[in-house]
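Shown next, in structure tokens, is the structure this report addresses.
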Amino acid sequence: MKKTEQWSSKIGFILSAAGSAIGVGAIWKLPYVTGISGGGAFFLLFILFTLFMGFPLLLAEFIIGRSTQKEAISAYRSLAPNTQWHWIGKLGVFTCFLLLSFYSVIGGWIVIYFVKGMFGGIISKGADYGAVFNETIANPFLVIAAQFIFLVITVLVVAKGIQNGIEKASKIMMPILFILFIVLIIRSLTLDNAIEGVIFFLAPNFSEITSQSILFAMGQAFFSLSVGVSVMVTYSSYLSKKESLIQPAISIVSMNVVIALLAGLAIFPAVFALGLEPAEGPGLLFVVLPAVFDQIIFGEAFLLGFLALFLFATLTSAFSMLEIIVASTLKGKEEKRAKIAFVIGGLIFAVGVPSALSYSVLDDLLIFSKSIFDSADYLVSNILMPLGVFLISIFVTYKIKKSTLREELLQHSRLGATAFHIWFFIMRFIIPLVIIVVFLDITGILDRILAVF
């Protein structure tokens, strides 16, 4: 792919990459997955996985992208020519394709709520917001139309090239999103019985932890940081060689953890104060937000603002997912960008329609006791992303020269050889081992192995 532009500044890269990473992962998914996985203990596991696996992996993808200055598939080909390692990039492209197919459904939900909010059609005294959400997503024509609109916006931006637009908008929108979160948290924490929600979210109860919740926590850490799918390989390929890799990675991980914390503190106190169910599922955010803003003066305006920023954060993630697919397809032929973006967008829409209909005409169609939407989410978050992470950890530590890794990682950094050796040890030994053990546990093979001893 032609390198006609780079991030204009380090803060632009950080905010754009954070926007890609944060999006739906931290704001929409983390609260509801925490709700169905036991609360505080799950959140603690998520933090640990983020710091000790997500952060090193983010650096690994940065090294691959920045060192080659190429998109995902070409980057692996460049580092390991005449081998099959480029299939890691292809796996990332496929995962992003599948991810965007159901991610666009959530984007469509936000579009629906945003349009309703513009006409004051969400908040009403005494409304059952859970029932409102269920009625909304049960309308097949509405959800498909909204999914289509969301993907059209995504395609139009990517078709024109996204760096300048995303970077400039991120510098404005991301700080405002933080401010609105603070407003929401203050109101949630001042509701009656809010402390029960804080305890649920932050006080670990390890009796609730299962092998499934460990897998979910690991998958959520990867999902929230967009690692394992080579999105950050493509994004970091636009980063100047003059910039440090460690500082942006620390900033992105920190912002991701802070947003996750803010999301939990905004949602769970309100859930318990308003008598809602923490294990509500994918609709948790869409039920809680209207209920909380209902308690605030000018709540409709605040809700509309939050939905606008939530939509922006969701779109920035969608841009990065579509960009990795488009960039890997272009093969340097930028003049075909618009055509390829529209073709791929159309294919993603077609694949995503069954997920959009999972709560209406296809609600009886289950795959291993899960809806189509939940099955796609499970496959991406808990199988494909961990698999991608496993392969990247092997590739980086066995196929790239150690001297190259050290030079890229420590370039323009004050850290020394000790930090590099710790990172390398985690990448080569800890991450692959953890993923293998978790998968063996999930499949029941670990129990059989332990029974032998």
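Labels for the structure tokens follow display order: chains A, B, ..., residues from 1 in each chain, ligands from 1.
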Mind checking which residues fall within 9 Å of Phe293 (chain A), counting only C-alpha atoms, ignoring those fewer than 4 positions away in the same chain, and posting them as an MDAnalysis selection string?
-> chainID A and resid 123 184 187 288:289 297:303
Would you save the residues from that selection as a short mmCIF file (atom, residue, chain, number, x, y, z; two decimals), in the first residue's frame, using N, CA and C atoms?
data_model
loop_
_atom_site.label_atom_id
_atom_site.label_comp_id
_atom_site.auth_asym_id
_atom_site.auth_seq_id
_atom_site.Cartn_x
_atom_site.Cartn_y
_atom_site.Cartn_z
N ILE A 123 -36.59 9.10 25.97
CA ILE A 123 -36.90 9.26 27.39
C ILE A 123 -38.36 9.65 27.59
N LEU A 184 -22.23 11.29 33.70
CA LEU A 184 -23.07 10.10 33.88
C LEU A 184 -22.72 9.38 35.18
N ARG A 187 -24.07 11.20 38.32
CA ARG A 187 -25.50 10.97 38.53
C ARG A 187 -25.77 9.53 38.99
N VAL A 288 -29.95 0.91 30.39
CA VAL A 288 -29.50 1.70 31.53
C VAL A 288 -29.37 3.19 31.19
N LEU A 289 -28.78 3.51 30.04
CA LEU A 289 -28.54 4.91 29.69
C LEU A 289 -29.80 5.78 29.72
N ILE A 297 -31.58 16.66 34.80
CA ILE A 297 -32.14 17.83 34.13
C ILE A 297 -31.53 17.92 32.73
N PHE A 298 -32.36 18.19 31.73
CA PHE A 298 -31.94 18.20 30.33
C PHE A 298 -31.37 16.84 29.93
N GLY A 299 -31.94 15.79 30.51
CA GLY A 299 -31.44 14.44 30.27
C GLY A 299 -31.48 14.03 28.81
N GLU A 300 -32.53 14.44 28.09
CA GLU A 300 -32.65 14.10 26.68
C GLU A 300 -31.48 14.66 25.87
N ALA A 301 -31.09 15.90 26.19
CA ALA A 301 -29.96 16.53 25.49
C ALA A 301 -28.66 15.83 25.82
N PHE A 302 -28.46 15.50 27.12
CA PHE A 302 -27.25 14.78 27.51
C PHE A 302 -27.20 13.41 26.84
N LEU A 303 -28.33 12.72 26.81
CA LEU A 303 -28.38 11.40 26.19
C LEU A 303 -28.04 11.49 24.71
#
Sorted per-residue table, region 176-232 of chain A near region 28-44 of chain A, closest atoms and distance, 8 Å, only C-alpha atoms, as a tab-separated table:
residue	atom	partner	partner_atom	distance
A:Ile199	CA	A:Gly40	CA	7.5
A:Phe200	CA	A:Gly39	CA	5.4
A:Phe201	CA	A:Gly40	CA	4.5
A:Leu202	CA	A:Gly40	CA	4.4
A:Ala203	CA	A:Gly40	CA	4.8
A:Pro204	CA	A:Ala41	CA	3.9
A:Asn205	CA	A:Ala41	CA	5.4
A:Phe206	CA	A:Ala41	CA	5.6
A:Glu208	CA	A:Gly38	CA	5.3
A:Ile209	CA	A:Ala41	CA	6.8
A:Ser213	CA	A:Ser37	CA	5.7
A:Ile214	CA	A:Phe42	CA	7.4
A:Phe216	CA	A:Val33	CA	7.7
A:Ala217	CA	A:Phe42	CA	6.3
A:Gln220	CA	A:Leu30	CA	7.1
Which of these, A:Asn134, A:Ser375, A:Ser244, A:Ser74, has the shortest distance to Leu284 (chain A) once you count only C-alpha atoms?
->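 Answer, going by the shortest atom-to-atom distance: A:Asn134.
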Extract the full set of helix (DSSP H, G or I) residues from region 84-285 of chain A according to DSSP on the backbone, and format it as an MDAnalysis selection string.
-> chainID A and resid 87:118 129:137 140:160 163:189 194:202 206:208 211:225 231:236 246:273 284:285
Name all residues at most 8 Å from region 147-161 of chain A (count only C-alpha atoms; drop same-chain ones fewer than 6 positions away) and give them as a list in words.
-> Ser104, Val105, Ile106, Gly107, Gly108, Trp109, Val111, Leu315, Ala318, Phe319, Leu322, Glu323, Arg337, Ala338, Lys339, Ala341, Phe342, Gly345, Phe349 and Ala356 of chain A
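Rounded to one decimal, CA of Val257 (chain A) and CA of Ile47 (chain A) lie 7.1 Å from each other.
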Shortest interatomic distance to Tyr398 (chain A) - which of A:Lys370, A:Leu79, A:Gly65, A:Leu142, counting only C-alpha atoms |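 The shortest atom-to-atom distance to Tyr398 (chain A) comes from A:Leu79.
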With distances taken over only C-alpha atoms, which of A:Val353, A:Leu446, A:Leu189, A:Leu239 is nearest to Ala146 (chain A)?
-> A:Val353
Give me the residues within 10 Å of Asn382 (chain A) as a short mmCIF file (atom, residue, chain, number, x, y, z; two decimals) with C-alpha atoms, in the first residue's frame, counting only C-alpha atoms and dropping any in the same chain fewer than 4 places off.
data_model
loop_
_atom_site.label_atom_id
_atom_site.label_comp_id
_atom_site.auth_asym_id
_atom_site.auth_seq_id
_atom_site.Cartn_x
_atom_site.Cartn_y
_atom_site.Cartn_z
CA GLN A 212 -15.62 -19.85 30.94
CA LEU A 215 -11.84 -17.22 28.71
CA PHE A 216 -14.32 -14.33 28.48
CA ALA A 217 -11.96 -12.04 30.42
CA MET A 218 -9.05 -12.91 28.17
CA GLY A 219 -11.17 -12.48 25.05
CA GLN A 220 -12.50 -9.15 26.33
CA PHE A 222 -8.02 -8.71 23.35
CA PHE A 223 -11.33 -7.35 21.99
CA ALA A 376 -20.43 -14.69 15.92
CA ASP A 377 -19.37 -12.69 18.98
CA TYR A 378 -18.17 -15.84 20.78
CA PRO A 386 -6.92 -15.78 21.09
CA LEU A 387 -5.77 -17.92 18.15
CA PHE A 439 -8.32 -23.69 25.86
#
Pick from A:Leu410, A:Ala419, A:Leu245, A:Leu391, whichever lies nearest to Gln84 (chain A) using only C-alpha atoms = A:Leu391
Nearest to Ala60 (chain A): which of A:Ser381, A:Ser230, A:Ser188, A:Thr83 is it, counting only C-alpha atoms?
->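 Selected residue with least distance to Ala60 (chain A): A:Ser230.
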Give me, as a PDB file with N, CA, C and O atoms, in the first residue's frame, all polymer residues having an atom no more than 10 Å from Leu362 (chain A), counting only C-alpha atoms and skipping those fewer than 5 positions away in the same chain.
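Printed below is around00.pdb as written:
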ATOM      1  N   ALA A 138     -36.460  -6.053  17.659  1.00  0.00           N
ATOM      2  CA  ALA A 138     -37.333  -7.088  17.112  1.00  0.00           C
ATOM      3  C   ALA A 138     -37.969  -6.653  15.794  1.00  0.00           C
ATOM      4  O   ALA A 138     -38.668  -7.436  15.152  1.00  0.00           O
ATOM      5  N   PRO A 140     -37.425  -6.215  12.203  1.00  0.00           N
ATOM      6  CA  PRO A 140     -36.395  -6.638  11.242  1.00  0.00           C
ATOM      7  C   PRO A 140     -36.021  -5.569  10.218  1.00  0.00           C
ATOM      8  O   PRO A 140     -34.851  -5.405   9.874  1.00  0.00           O
ATOM      9  N   PRO A 354     -28.013 -11.926   9.064  1.00  0.00           N
ATOM     10  CA  PRO A 354     -28.516 -12.911  10.030  1.00  0.00           C
ATOM     11  C   PRO A 354     -28.302 -12.494  11.489  1.00  0.00           C
ATOM     12  O   PRO A 354     -29.164 -12.749  12.338  1.00  0.00           O
ATOM     13  N   SER A 355     -27.175 -11.840  11.795  1.00  0.00           N
ATOM     14  CA  SER A 355     -26.943 -11.351  13.156  1.00  0.00           C
ATOM     15  C   SER A 355     -27.967 -10.272  13.507  1.00  0.00           C
ATOM     16  O   SER A 355     -28.469 -10.220  14.635  1.00  0.00           O
ATOM     17  N   ALA A 356     -28.269  -9.412  12.537  1.00  0.00           N
ATOM     18  CA  ALA A 356     -29.255  -8.349  12.773  1.00  0.00           C
ATOM     19  C   ALA A 356     -30.639  -8.922  13.041  1.00  0.00           C
ATOM     20  O   ALA A 356     -31.437  -8.334  13.784  1.00  0.00           O
ATOM     21  N   LEU A 357     -30.926 -10.082  12.472  1.00  0.00           N
ATOM     22  CA  LEU A 357     -32.246 -10.698  12.617  1.00  0.00           C
ATOM     23  C   LEU A 357     -32.308 -11.701  13.773  1.00  0.00           C
ATOM     24  O   LEU A 357     -33.319 -12.381  13.944  1.00  0.00           O
ATOM     25  N   SER A 371     -27.586 -17.581  19.969  1.00  0.00           N
ATOM     26  CA  SER A 371     -28.141 -16.930  18.788  1.00  0.00           C
ATOM     27  C   SER A 371     -27.034 -16.717  17.760  1.00  0.00           C
ATOM     28  O   SER A 371     -25.843 -16.848  18.071  1.00  0.00           O
ATOM     29  N   ILE A 372     -27.420 -16.378  16.543  1.00  0.00           N
ATOM     30  CA  ILE A 372     -26.420 -16.124  15.501  1.00  0.00           C
ATOM     31  C   ILE A 372     -25.503 -14.989  15.930  1.00  0.00           C
ATOM     32  O   ILE A 372     -24.279 -15.056  15.767  1.00  0.00           O
TER      33      ILE A 372
END
Of the listed residues A:Val380, A:Ala270, A:Met427, A:Val452, that which approaches Phe395 (chain A) most closely, counting only C-alpha atoms | A:Met427
Contacts of Gln411 (chain A) at 10 Å (only C-alpha atoms; same-chain gap of 6+ positions) as an MDAnalysis selection string | chainID A and resid 241:246 405
Identify, with DSSP run on backbone atoms, the residues in region 209-384 of chain A assigned to strand (DSSP E or B), and express the list as number ranges by chain.
-> A: 366-367, 370-371
Got time to write the residues from that selection, C-alpha atoms, as a PDB file, in the first residue's frame?
ATOM      1  CA  LEU A 366     -29.541 -21.336  17.585  1.00  0.00           C
ATOM      2  CA  ILE A 367     -25.939 -22.481  17.111  1.00  0.00           C
ATOM      3  CA  LYS A 370     -26.460 -19.398  21.128  1.00  0.00           C
ATOM      4  CA  SER A 371     -28.141 -16.930  18.788  1.00  0.00           C
TER       5      SER A 371
END
